[in-house]
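As provided, upload-v7.txt (compact mmCIF, C-alpha atoms and all ligand atoms) reads as follows.
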# COMPACT_ATOMS: atom_id res chain seq x y z
CA MET M 1 87.89 23.34 -11.78
CA SER M 2 85.72 20.49 -10.52
CA LEU M 3 86.47 19.07 -7.16
CA LEU M 4 85.88 15.49 -6.06
CA VAL M 5 86.02 14.07 -2.54
CA MET M 6 87.29 10.48 -2.26
CA LYS M 7 87.23 8.69 1.09
CA PHE M 8 89.14 5.48 1.77
CA GLY M 9 88.10 3.34 4.72
CA GLY M 10 90.40 1.28 6.91
CA THR M 11 90.48 -1.87 4.78
CA SER M 12 91.28 0.21 1.67
CA VAL M 13 94.44 1.59 3.34
CA ALA M 14 95.32 -1.44 5.47
CA THR M 15 98.78 -1.97 3.90
CA LEU M 16 101.25 0.07 1.86
CA ASP M 17 100.17 -1.96 -1.19
CA ARG M 18 96.57 -1.01 -0.68
CA ILE M 19 97.49 2.63 -0.15
CA ARG M 20 99.28 2.46 -3.51
CA ARG M 21 96.21 0.93 -5.09
CA ALA M 22 94.02 3.69 -3.65
CA ALA M 23 96.51 6.34 -4.78
CA LYS M 24 96.27 5.01 -8.34
CA ARG M 25 92.56 5.52 -8.24
CA VAL M 26 93.12 9.08 -7.05
CA GLY M 27 95.65 9.54 -9.85
CA ARG M 28 93.07 8.54 -12.42
CA GLU M 29 90.64 11.22 -11.19
CA VAL M 30 93.43 13.80 -11.31
CA ALA M 31 94.11 12.70 -14.91
CA ASN M 32 90.38 13.20 -15.57
CA GLY M 33 90.89 16.84 -14.65
CA HIS M 34 89.64 16.90 -11.07
CA ASP M 35 91.16 18.43 -8.01
CA VAL M 36 90.73 15.88 -5.26
CA ILE M 37 90.32 15.97 -1.51
CA VAL M 38 91.15 12.54 -0.16
CA ILE M 39 89.84 11.66 3.29
CA VAL M 40 91.51 8.69 4.94
CA SER M 41 90.66 6.40 7.83
CA ALA M 42 93.26 4.73 10.00
CA MET M 43 94.72 1.45 8.71
CA SER M 44 92.23 -1.27 9.57
CA GLY M 45 92.44 -2.46 13.17
CA LYS M 46 94.51 0.58 14.19
CA THR M 47 91.75 2.53 15.91
CA ASN M 48 90.70 -0.55 17.90
CA GLU M 49 94.27 -1.00 19.03
CA LEU M 50 94.55 2.64 20.09
CA VAL M 51 91.23 2.51 21.94
CA GLY M 52 92.47 -0.66 23.68
CA TRP M 53 95.63 1.08 24.84
CA VAL M 54 93.63 3.98 26.27
CA GLU M 55 91.23 1.69 28.12
CA GLU M 56 94.07 -0.38 29.52
CA THR M 57 95.88 2.71 30.76
CA SER M 58 92.86 4.40 32.25
CA PRO M 59 89.45 2.69 32.45
CA LEU M 60 87.64 5.95 33.21
CA PHE M 61 89.76 7.87 30.75
CA ASP M 62 89.85 11.63 30.20
CA ALA M 63 88.15 11.94 26.80
CA ARG M 64 90.52 14.74 25.71
CA GLU M 65 93.45 12.35 25.96
CA TYR M 66 91.43 9.54 24.35
CA ASP M 67 91.03 11.86 21.36
CA ALA M 68 94.73 12.74 21.36
CA VAL M 69 95.56 9.04 21.10
CA VAL M 70 92.90 7.67 18.76
CA SER M 71 93.18 10.52 16.23
CA SER M 72 96.77 9.51 15.51
CA GLY M 73 95.85 6.56 13.28
CA GLU M 74 94.43 8.80 10.55
CA GLN M 75 97.43 11.12 10.71
CA VAL M 76 99.73 8.22 9.80
CA THR M 77 97.62 7.20 6.81
CA ALA M 78 97.30 10.79 5.58
CA GLY M 79 101.07 11.25 5.50
CA LEU M 80 101.64 7.88 3.84
CA MET M 81 98.99 8.60 1.20
CA ALA M 82 100.54 12.01 0.42
CA LEU M 83 103.99 10.42 0.11
CA THR M 84 102.62 7.69 -2.17
CA LEU M 85 100.99 10.28 -4.43
CA GLN M 86 104.19 12.33 -4.52
CA GLU M 87 106.07 9.20 -5.60
CA MET M 88 103.62 9.04 -8.52
CA ASP M 89 104.48 12.67 -9.41
CA ILE M 90 101.12 13.96 -8.25
CA PRO M 91 101.39 17.20 -6.23
CA ALA M 92 99.90 16.23 -2.87
CA ARG M 93 100.00 17.45 0.71
CA SER M 94 98.58 15.99 3.94
CA TRP M 95 96.60 17.80 6.64
CA ALA M 96 95.62 16.80 10.13
CA GLY M 97 92.12 17.93 11.09
CA TRP M 98 93.35 20.82 13.25
CA GLN M 99 95.48 22.20 10.42
CA VAL M 100 92.57 22.71 8.02
CA PRO M 101 91.04 23.53 10.56
CA VAL M 102 88.00 21.28 10.94
CA LYS M 103 86.20 23.20 13.69
CA THR M 104 84.08 21.00 15.95
CA SER M 105 82.12 21.13 19.18
CA SER M 106 83.99 20.18 22.35
CA ALA M 107 82.06 16.91 22.86
CA HIS M 108 85.20 14.78 22.94
CA ALA M 109 84.93 11.31 21.33
CA SER M 110 81.70 12.28 19.60
CA ALA M 111 82.25 15.86 18.46
CA ARG M 112 80.16 17.50 15.75
CA ILE M 113 81.70 19.38 12.86
CA GLU M 114 80.69 23.03 13.03
CA GLU M 115 82.67 24.68 10.28
CA ILE M 116 85.32 23.91 7.68
CA PRO M 117 86.97 27.06 6.33
CA THR M 118 88.03 26.49 2.73
CA ASP M 119 90.73 29.17 2.33
CA ASN M 120 93.79 27.16 3.47
CA LEU M 121 93.22 24.26 1.10
CA ASN M 122 92.02 26.46 -1.75
CA ALA M 123 95.16 28.58 -1.53
CA LYS M 124 97.19 25.39 -2.02
CA PHE M 125 95.02 24.24 -4.92
CA ASP M 126 95.61 27.67 -6.50
CA GLU M 127 99.35 27.13 -6.16
CA GLY M 128 99.11 23.88 -8.15
CA MET M 129 98.47 21.24 -5.50
CA LYS M 130 96.27 18.55 -7.04
CA VAL M 131 95.40 16.44 -4.02
CA ALA M 132 94.78 17.43 -0.41
CA VAL M 133 94.92 14.37 1.82
CA VAL M 134 93.01 15.03 5.03
CA ALA M 135 92.99 12.83 8.12
CA GLY M 136 89.38 11.81 8.71
CA PHE M 137 87.53 11.40 12.02
CA GLN M 138 89.03 14.47 13.74
CA GLY M 139 88.93 18.19 14.29
CA ILE M 140 89.71 20.89 16.80
CA SER M 141 87.51 22.17 19.64
CA PRO M 142 86.91 25.84 20.47
CA GLU M 143 89.37 25.27 23.33
CA GLY M 144 92.04 24.28 20.82
CA ARG M 145 92.14 20.56 21.67
CA ILE M 146 92.01 17.68 19.18
CA THR M 147 88.57 16.07 18.96
CA THR M 148 87.26 12.93 17.26
CA LEU M 149 83.85 12.41 15.69
CA GLY M 150 82.82 8.98 16.99
CA ARG M 151 83.54 5.57 15.46
CA GLY M 152 83.12 5.54 11.71
CA GLY M 153 83.52 9.32 11.73
CA SER M 154 85.67 9.56 8.60
CA ASP M 155 82.50 9.13 6.53
CA THR M 156 81.18 12.29 8.15
CA THR M 157 84.46 14.11 7.54
CA ALA M 158 84.19 13.21 3.86
CA VAL M 159 80.62 14.43 3.47
CA ALA M 160 81.36 17.63 5.40
CA PHE M 161 84.27 18.42 3.06
CA ALA M 162 82.13 17.67 0.02
CA ALA M 163 79.53 20.13 1.33
CA ALA M 164 82.03 22.82 2.32
CA PHE M 165 83.93 22.66 -0.98
CA ASP M 166 80.84 22.15 -3.13
CA ALA M 167 82.26 18.93 -4.57
CA ILE M 168 80.64 17.31 -7.59
CA ARG M 169 80.39 14.05 -5.64
CA CYS M 170 81.67 12.23 -2.59
CA ASP M 171 82.96 8.72 -3.31
CA ILE M 172 83.21 6.43 -0.28
CA TYR M 173 85.59 3.54 -0.99
CA THR M 174 85.07 0.58 1.29
CA ASP M 175 85.26 -3.23 1.33
CA VAL M 176 81.72 -3.83 0.03
CA ASP M 177 80.67 -2.92 -3.48
CA GLY M 178 77.59 -0.95 -2.49
CA VAL M 179 74.41 -0.85 -0.45
CA TYR M 180 72.36 -4.05 -0.49
CA THR M 181 68.68 -4.78 0.00
CA THR M 182 69.80 -6.63 3.12
CA ASP M 183 72.98 -8.17 4.52
CA PRO M 184 74.19 -10.73 1.92
CA ARG M 185 75.48 -12.88 4.79
CA ILE M 186 71.91 -13.34 5.95
CA SER M 187 70.10 -13.65 2.63
CA SER M 188 71.81 -15.04 -0.45
CA LYS M 189 69.16 -13.23 -2.49
CA ALA M 190 70.33 -9.80 -1.32
CA ARG M 191 70.68 -7.47 -4.29
CA LYS M 192 72.96 -4.48 -4.70
CA LEU M 193 70.99 -1.27 -5.21
CA ASP M 194 72.09 1.09 -8.00
CA ARG M 195 70.54 4.01 -6.18
CA ILE M 196 68.97 4.68 -2.82
CA ALA M 197 67.28 7.82 -1.48
CA PHE M 198 68.93 9.79 1.33
CA GLU M 199 66.01 9.15 3.66
CA GLU M 200 66.07 5.40 3.08
CA MET M 201 69.80 5.27 3.60
CA LEU M 202 69.40 7.26 6.79
CA GLU M 203 66.87 4.76 8.12
CA LEU M 204 68.97 1.78 7.04
CA ALA M 205 72.12 3.26 8.61
CA SER M 206 70.44 4.02 11.92
CA LEU M 207 68.65 0.65 11.93
CA GLY M 208 71.90 -1.24 11.85
CA ALA M 209 73.22 -1.36 8.27
CA LYS M 210 76.89 -0.57 8.86
CA VAL M 211 78.07 0.77 5.49
CA LEU M 212 77.95 4.45 6.41
CA GLN M 213 78.03 6.38 9.67
CA THR M 214 74.49 7.63 10.31
CA ARG M 215 75.64 11.20 10.82
CA SER M 216 77.32 11.25 7.42
CA VAL M 217 74.02 10.39 5.77
CA GLU M 218 72.20 13.07 7.78
CA LEU M 219 74.72 15.60 6.56
CA ALA M 220 74.55 14.40 2.95
CA MET M 221 70.78 14.71 3.03
CA ARG M 222 70.89 18.22 4.50
CA TYR M 223 73.43 19.53 1.98
CA LYS M 224 72.32 17.35 -0.94
CA VAL M 225 75.77 15.81 -1.35
CA ARG M 226 75.64 13.00 -3.91
CA LEU M 227 77.31 10.10 -2.18
CA ARG M 228 78.62 7.02 -3.90
CA VAL M 229 79.51 3.87 -1.95
CA LEU M 230 81.87 1.55 -3.83
CA SER M 231 84.55 -1.06 -3.35
CA SER M 232 88.23 -0.26 -3.70
CA PHE M 233 88.89 -3.94 -4.45
CA GLU M 234 86.86 -4.28 -7.63
CA GLU M 235 87.54 -3.04 -11.11
CA TYR M 236 86.27 0.48 -11.47
CA ASP M 237 83.66 1.71 -13.87
CA GLU M 238 81.38 4.75 -13.95
CA THR M 239 78.36 2.83 -12.72
CA ALA M 240 80.12 1.01 -9.88
CA GLY M 241 78.66 1.03 -6.40
CA THR M 242 75.47 2.58 -5.05
CA LEU M 243 74.56 6.23 -5.43
CA VAL M 244 72.86 7.77 -2.40
CA CYS M 245 70.84 10.63 -3.83
CA ASP M 246 67.63 12.60 -3.92
CA GLU M 247 64.50 10.50 -4.36
CA ASP M 248 63.67 12.39 -7.57
CA ASP M 249 66.79 10.86 -9.16
CA ILE M 250 65.60 7.30 -8.58
CA MET M 251 64.08 5.22 -11.32
CA GLU M 252 63.30 2.10 -9.30
CA SER M 253 60.03 1.99 -7.47
CA ASN M 254 59.96 -0.92 -5.08
CA VAL M 255 57.63 -0.10 -2.20
CA VAL M 256 60.20 -1.52 0.19
CA SER M 257 63.90 -0.92 -0.58
CA GLY M 258 65.59 -2.84 2.17
CA VAL M 259 65.35 -5.03 5.25
CA ALA M 260 67.54 -3.91 8.15
CA PHE M 261 68.11 -5.51 11.51
CA SER M 262 69.91 -5.04 14.75
CA ARG M 263 70.75 -8.17 16.61
CA ASP M 264 71.41 -7.09 20.16
CA GLU M 265 68.27 -5.49 21.48
CA ALA M 266 66.64 -5.80 24.87
CA LYS M 267 63.00 -5.39 25.76
CA MET M 268 62.53 -3.82 29.18
CA THR M 269 59.19 -3.69 30.97
CA LEU M 270 58.43 -1.74 34.11
CA LEU M 271 55.53 -3.54 35.74
CA SER M 272 52.85 -1.55 37.45
CA VAL M 273 53.94 2.06 37.46
CA ALA M 274 51.55 4.81 38.49
CA ASP M 275 49.72 6.21 35.47
CA ARG M 276 49.90 9.93 36.18
CA PRO M 277 51.00 13.07 34.35
CA GLY M 278 54.78 13.22 34.26
CA ILE M 279 55.41 9.49 34.63
CA ALA M 280 57.02 9.14 31.19
CA ALA M 281 59.28 12.09 31.94
CA ALA M 282 60.19 10.56 35.31
CA ILE M 283 61.21 7.30 33.58
CA PHE M 284 62.85 8.45 30.37
CA GLY M 285 64.64 11.49 31.80
CA PRO M 286 66.88 9.40 34.07
CA LEU M 287 67.42 6.83 31.30
CA ALA M 288 68.60 9.58 28.95
CA ASN M 289 70.85 11.03 31.65
CA ALA M 290 72.38 7.59 32.16
CA GLY M 291 73.21 7.43 28.45
CA VAL M 292 70.67 4.73 27.60
CA ASN M 293 69.58 4.89 23.95
CA VAL M 294 65.90 4.14 24.22
CA ASP M 295 64.37 3.15 20.91
CA MET M 296 60.82 1.80 20.99
CA ILE M 297 58.36 2.82 23.72
CA VAL M 298 54.98 1.30 24.46
CA GLN M 299 52.64 2.20 27.28
CA ASN M 300 49.96 -0.36 28.01
CA ILE M 301 46.38 0.43 28.96
CA SER M 302 46.06 1.17 32.62
CA GLU M 303 43.92 -0.38 35.26
CA ASP M 304 43.22 1.20 38.62
CA GLY M 305 45.70 3.95 37.87
CA ARG M 306 48.62 1.55 37.25
CA THR M 307 50.16 0.68 33.91
CA ASP M 308 53.09 -1.24 32.37
CA MET M 309 55.70 0.67 30.41
CA THR M 310 57.85 -1.15 27.85
CA PHE M 311 60.91 0.19 26.06
CA SER M 312 63.79 -1.24 24.08
CA CYS M 313 67.51 -0.46 24.23
CA PRO M 314 70.77 -2.14 23.17
CA THR M 315 71.62 -5.21 25.29
CA ASN M 316 74.89 -3.70 26.49
CA GLN M 317 72.94 -0.86 28.14
CA VAL M 318 70.62 -3.07 30.19
CA ALA M 319 72.70 -2.83 33.37
CA ARG M 320 72.82 0.94 33.08
CA ALA M 321 69.06 1.10 32.51
CA GLU M 322 68.38 -1.11 35.53
CA GLN M 323 70.61 1.04 37.73
CA ALA M 324 68.95 4.27 36.54
CA MET M 325 65.49 2.86 37.28
CA LEU M 326 66.54 1.59 40.68
CA ASP M 327 68.02 4.99 41.56
CA ALA M 328 64.83 6.74 40.46
CA LYS M 329 62.79 4.32 42.55
CA THR M 330 64.99 4.80 45.60
CA ALA M 331 64.72 8.56 45.20
CA GLY M 332 60.92 8.17 45.17
CA ASP M 333 60.55 9.61 41.67
CA ILE M 334 58.94 6.47 40.26
CA ASN M 335 57.38 3.43 41.80
CA TYR M 336 57.25 0.07 40.01
CA VAL M 337 56.83 -3.52 41.13
CA GLU M 338 59.43 -5.13 38.89
CA LEU M 339 61.67 -4.39 35.90
CA VAL M 340 61.62 -7.36 33.53
CA ALA M 341 64.46 -7.55 31.00
CA ASP M 342 64.16 -9.76 27.93
CA THR M 343 67.66 -9.71 26.44
CA GLU M 344 67.01 -12.33 23.75
CA VAL M 345 65.30 -10.11 21.20
CA CYS M 346 66.30 -8.41 17.96
CA LYS M 347 64.80 -5.74 15.77
CA VAL M 348 63.89 -6.29 12.13
CA SER M 349 62.71 -3.41 9.95
CA VAL M 350 61.49 -2.85 6.42
CA VAL M 351 62.31 0.54 4.88
CA GLY M 352 61.08 2.28 1.76
CA ILE M 353 59.91 5.70 0.62
CA GLY M 354 57.27 3.88 -1.44
CA MET M 355 55.41 3.22 1.82
CA ARG M 356 54.23 6.82 1.86
CA SER M 357 51.93 6.12 -1.06
CA HIS M 358 51.17 2.43 -0.52
CA ALA M 359 48.77 1.05 2.04
CA GLY M 360 49.09 -2.50 3.33
CA VAL M 361 52.85 -2.72 3.83
CA ALA M 362 52.48 -3.41 7.55
CA ALA M 363 49.84 -6.06 6.93
CA GLN M 364 52.08 -7.77 4.36
CA MET M 365 54.99 -7.70 6.81
CA PHE M 366 52.93 -9.23 9.61
CA ASP M 367 51.57 -11.90 7.25
CA ALA M 368 55.07 -12.89 6.18
CA LEU M 369 56.11 -13.26 9.83
CA LYS M 370 52.94 -15.17 10.68
CA ALA M 371 53.65 -17.64 7.87
CA GLU M 372 56.93 -18.47 9.64
CA ASN M 373 55.23 -18.64 13.02
CA ILE M 374 57.25 -15.74 14.37
CA ASN M 375 55.69 -13.88 17.26
CA ILE M 376 55.92 -10.08 17.25
CA LYS M 377 56.63 -8.49 20.64
CA VAL M 378 56.67 -4.76 19.88
CA ILE M 379 55.85 -2.78 16.73
CA THR M 380 56.77 0.77 15.77
CA THR M 381 56.23 2.62 12.53
CA SER M 382 57.28 5.84 10.89
CA GLU M 383 56.43 7.28 7.50
CA ILE M 384 58.96 5.12 5.66
CA LYS M 385 59.69 2.20 8.00
CA ILE M 386 58.10 -0.51 10.10
CA SER M 387 60.09 -2.19 12.86
CA VAL M 388 59.29 -5.20 14.99
CA LEU M 389 60.96 -6.78 17.99
CA ILE M 390 61.06 -10.58 17.78
CA ASP M 391 62.99 -13.41 19.44
CA ARG M 392 66.63 -13.25 18.36
CA LYS M 393 66.68 -16.88 17.24
CA TYR M 394 64.29 -15.94 14.39
CA LEU M 395 66.40 -13.09 13.01
CA GLU M 396 67.69 -14.85 9.88
CA LEU M 397 64.35 -16.49 9.17
CA ALA M 398 62.50 -13.17 9.47
CA VAL M 399 64.93 -11.26 7.25
CA GLN M 400 64.73 -13.94 4.55
CA ALA M 401 60.95 -14.15 4.74
CA LEU M 402 60.56 -10.38 4.42
CA HIS M 403 63.10 -10.16 1.61
CA ASP M 404 61.07 -12.81 -0.28
CA SER M 405 57.69 -11.35 0.56
CA PHE M 406 58.59 -7.89 -0.79
CA ASP M 407 60.36 -9.30 -3.88
CA LEU M 408 63.56 -7.45 -3.05
CA ASP M 409 65.58 -9.68 -5.35
CA LYS M 410 63.78 -8.07 -8.29
CA THR M 411 63.79 -4.52 -9.64
CA THR M 412 60.63 -2.62 -10.49
CA LEU M 413 61.07 0.43 -12.66
CA ASN M 414 59.11 3.64 -12.29
CA GLU M 415 56.68 4.28 -15.10
CA GLY M 416 57.57 7.39 -17.06
N1 LIG K 501 89.22 5.07 12.25
C1 LIG K 501 87.99 5.49 12.85
C2 LIG K 501 87.18 4.29 13.30
O1 LIG K 501 87.53 3.17 13.12
C3 LIG K 501 87.18 6.37 11.99
C4 LIG K 501 86.83 5.78 10.66
O2 LIG K 501 87.50 4.91 10.15
O3 LIG K 501 85.82 6.23 10.09
O4 LIG K 501 86.12 4.47 13.85
MG MG K 502 83.49 2.86 8.17
When written as structure tokens, how does the structure in this file appear?
Amino acid sequence: MSLLVMKFGGTSVATLDRIRRAAKRVGREVANGHDVIVIVSAMSGKTNELVGWVEETSPLFDAREYDAVVSSGEQVTAGLMALTLQEMDIPARSWAGWQVPVKTSSAHASARIEEIPTDNLNAKFDEGMKVAVVAGFQGISPEGRITTLGRGGSDTTAVAFAAAFDAIRCDIYTDVDGVYTTDPRISSKARKLDRIAFEEMLELASLGAKVLQTRSVELAMRYKVRLRVLSSFEEYDETAGTLVCDEDDIMESNVVSGVAFSRDEAKMTLLSVADRPGIAAAIFGPLANAGVNVDMIVQNISEDGRTDMTFSCPTNQVARAEQAMLDAKTAGDINYVELVADTEVCKVSVVGIGMRSHAGVAAQMFDALKAENINIKVITTSEIKISVLIDRKYLELAVQALHDSFDLDKTTLNEG
């Protein structure tokens, strides 16, 4: 018996009508001979509402109770989906995370899935159940408390089930019809990709493309789960959506596959810190402890034993970063003259596994930005991506220029 995992995001289950529509899609896969595990999100807007209630009740909330509250949205959808399927004469049953049980770490509000035993669900499949509807985004800690996996976590639930149950595929139904070369709202030339490699998707997801939770892509890559992203609002066919898969399964060979961006970045510069062994640790240790997600780091050349240290972080973490640096200075752990925050920057990146075998991608990127007179403030590279920090007001212009420069509106096929 082949097993398929189908995940429906918040917009796909936003109303009873939409749940019915999703259930029909599940019914078709059952008719095709599959057993199905359906993973559901909360109805759209629900999780935000629940988070709002928690924050209003208790600004410095106890994360265990936050999880108790925000996990409830998925439980509602799971029950409604099971009822809808039963109304269609499809044998279905719902499960909250703890009932499966989805075993997680105890990091409340951002727990990691550690194990999903398959015996409970498999016993039900053996008895004739066709569809197990599982509440996404949640699990149970070793202490026996409900946990949640972080915003967007149902994607990760879906991939983890696909891995645990050795599913033939994991279909992620959402409100966009696939993964695009860039955000279609920014460039009208954005093109839907038929396939994208795990590694590229991982970079795109962590660089700000919001289709999939980053952790879900990490997991899919580790366990080689074939992931398909598709819309629940469009007519279905076998080639719908974008397949996230192994690079060997990809026929296209554009050097660059996508342009990603994140709008709200800040560039922070510590002026004149002592250039001595341990200085980076003395700066970035406290930032990490304060929960600041440092991304790019540049250390300038030093003069007379002093240097400038630049890093980037999300704009909403600037205050936290400033406080952490001030505390470290007061404690005498670091000594700097000034911390300059530039909160009007954004990050634009080009991503592609083709970069591994092609020289000159960085030069082409910088040329395209030069042609638009856009000044680059910080550059970082990895094997398959190049990122730059630029003034936020140039974000759209830069994305469009790069999309054009790398011909992302066209497909190039692999020879052979
Ligand atoms: N409902 C949760 C959220 O909005 C989890 C999910 O939908 O993936 O973050
Ligand atoms: Mg989502």
*In Å to one decimal, how far is atom CA of Glu265 of chain M from atom CA of Val318 of chain M?*
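That distance, rounded to one decimal, is 9.3 Å.
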_Proximity to ligand LIG 501 (chain K) - best of M:Gly178, M:Gly144, M:Gly45, M:Gly305, all atoms listed in the file_ =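 Counting all atoms listed in the file, the residue closest to ligand LIG 501 (chain K) is M:Gly45.
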*Enter the distance from atom CA of Arg185 of chain M to atom CA of Met6 of chain M, in Å, rounded to one decimal.*
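Result for atom CA of Arg185 of chain M versus atom CA of Met6 of chain M: 27.1 Å, one decimal.
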*Give the residues close to ligand LIG 501 (chain K), within 10 Å, counting all atoms listed in the file; write them as a ChimeraX atom specification.*
/M:7-11,39-51,70-74,135-138,148-158,212-213
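You will find atom CA of Ser106 of chain M at 12.8 Å from atom CA of Glu65 of chain M.
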*Smallest atom-to-atom distance to Val256 of chain M: which of M:Phe406, M:Phe161, M:Tyr236, M:Phe125, using all atoms listed in the file?*
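Smallest distance to Val256 of chain M is found for M:Phe406.
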Can you fill out segment 384-391 of chain M with all heavy atoms and hand it back as an mmCIF file, keeping the file's coordinate frame?
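Heads up, here's the output in selection-v1.cif:
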data_model
loop_
_atom_site.group_PDB
_atom_site.id
_atom_site.type_symbol
_atom_site.label_atom_id
_atom_site.label_comp_id
_atom_site.auth_asym_id
_atom_site.auth_seq_id
_atom_site.Cartn_x
_atom_site.Cartn_y
_atom_site.Cartn_z
ATOM 1 N N ILE M 384 58.312 5.971 6.671
ATOM 2 C CA ILE M 384 58.960 5.120 5.660
ATOM 3 C C ILE M 384 59.577 3.858 6.258
ATOM 4 O O ILE M 384 60.428 3.239 5.655
ATOM 5 C CB ILE M 384 60.024 5.904 4.848
ATOM 6 C CG1 ILE M 384 61.194 6.330 5.726
ATOM 7 C CG2 ILE M 384 59.416 7.099 4.152
ATOM 8 C CD1 ILE M 384 62.444 6.665 4.893
ATOM 9 N N LYS M 385 59.170 3.461 7.463
ATOM 10 C CA LYS M 385 59.690 2.200 8.000
ATOM 11 C C LYS M 385 58.734 1.556 8.989
ATOM 12 O O LYS M 385 57.925 2.232 9.616
ATOM 13 C CB LYS M 385 61.057 2.414 8.634
ATOM 14 C CG LYS M 385 60.967 3.015 9.989
ATOM 15 C CD LYS M 385 62.035 2.532 10.944
ATOM 16 C CE LYS M 385 61.563 2.865 12.349
ATOM 17 N NZ LYS M 385 62.387 3.769 13.077
ATOM 18 N N ILE M 386 58.839 0.235 9.081
ATOM 19 C CA ILE M 386 58.100 -0.510 10.100
ATOM 20 C C ILE M 386 59.104 -1.422 10.780
ATOM 21 O O ILE M 386 59.854 -2.136 10.119
ATOM 22 C CB ILE M 386 56.975 -1.366 9.484
ATOM 23 C CG1 ILE M 386 56.043 -0.483 8.653
ATOM 24 C CG2 ILE M 386 56.202 -2.095 10.568
ATOM 25 C CD1 ILE M 386 55.188 -1.271 7.685
ATOM 26 N N SER M 387 59.155 -1.353 12.105
ATOM 27 C CA SER M 387 60.090 -2.190 12.860
ATOM 28 C C SER M 387 59.338 -3.091 13.815
ATOM 29 O O SER M 387 58.321 -2.688 14.388
ATOM 30 C CB SER M 387 61.030 -1.322 13.711
ATOM 31 O OG SER M 387 61.785 -0.461 12.904
ATOM 32 N N VAL M 388 59.865 -4.302 13.985
ATOM 33 C CA VAL M 388 59.290 -5.200 14.990
ATOM 34 C C VAL M 388 60.403 -5.762 15.858
ATOM 35 O O VAL M 388 61.530 -5.943 15.407
ATOM 36 C CB VAL M 388 58.531 -6.386 14.336
ATOM 37 C CG1 VAL M 388 57.310 -5.892 13.584
ATOM 38 C CG2 VAL M 388 59.437 -7.203 13.426
ATOM 39 N N LEU M 389 60.062 -6.018 17.110
ATOM 40 C CA LEU M 389 60.960 -6.780 17.990
ATOM 41 C C LEU M 389 60.473 -8.213 17.974
ATOM 42 O O LEU M 389 59.275 -8.469 18.133
ATOM 43 C CB LEU M 389 60.887 -6.275 19.439
ATOM 44 C CG LEU M 389 61.669 -5.063 19.899
ATOM 45 C CD1 LEU M 389 61.613 -5.007 21.431
ATOM 46 C CD2 LEU M 389 63.103 -5.081 19.417
ATOM 47 N N ILE M 390 61.406 -9.148 17.766
ATOM 48 C CA ILE M 390 61.060 -10.580 17.780
ATOM 49 C C ILE M 390 62.168 -11.326 18.526
ATOM 50 O O ILE M 390 63.221 -10.754 18.805
ATOM 51 C CB ILE M 390 60.944 -11.157 16.339
ATOM 52 C CG1 ILE M 390 62.258 -10.929 15.589
ATOM 53 C CG2 ILE M 390 59.788 -10.509 15.579
ATOM 54 C CD1 ILE M 390 62.312 -11.607 14.225
ATOM 55 N N ASP M 391 61.938 -12.612 18.804
ATOM 56 C CA ASP M 391 62.990 -13.410 19.440
ATOM 57 C C ASP M 391 64.219 -13.459 18.540
ATOM 58 O O ASP M 391 64.093 -13.630 17.324
ATOM 59 C CB ASP M 391 62.504 -14.843 19.699
ATOM 60 C CG ASP M 391 61.655 -14.918 20.957
ATOM 61 O OD1 ASP M 391 61.864 -14.082 21.860
ATOM 62 O OD2 ASP M 391 60.773 -15.803 21.017
#
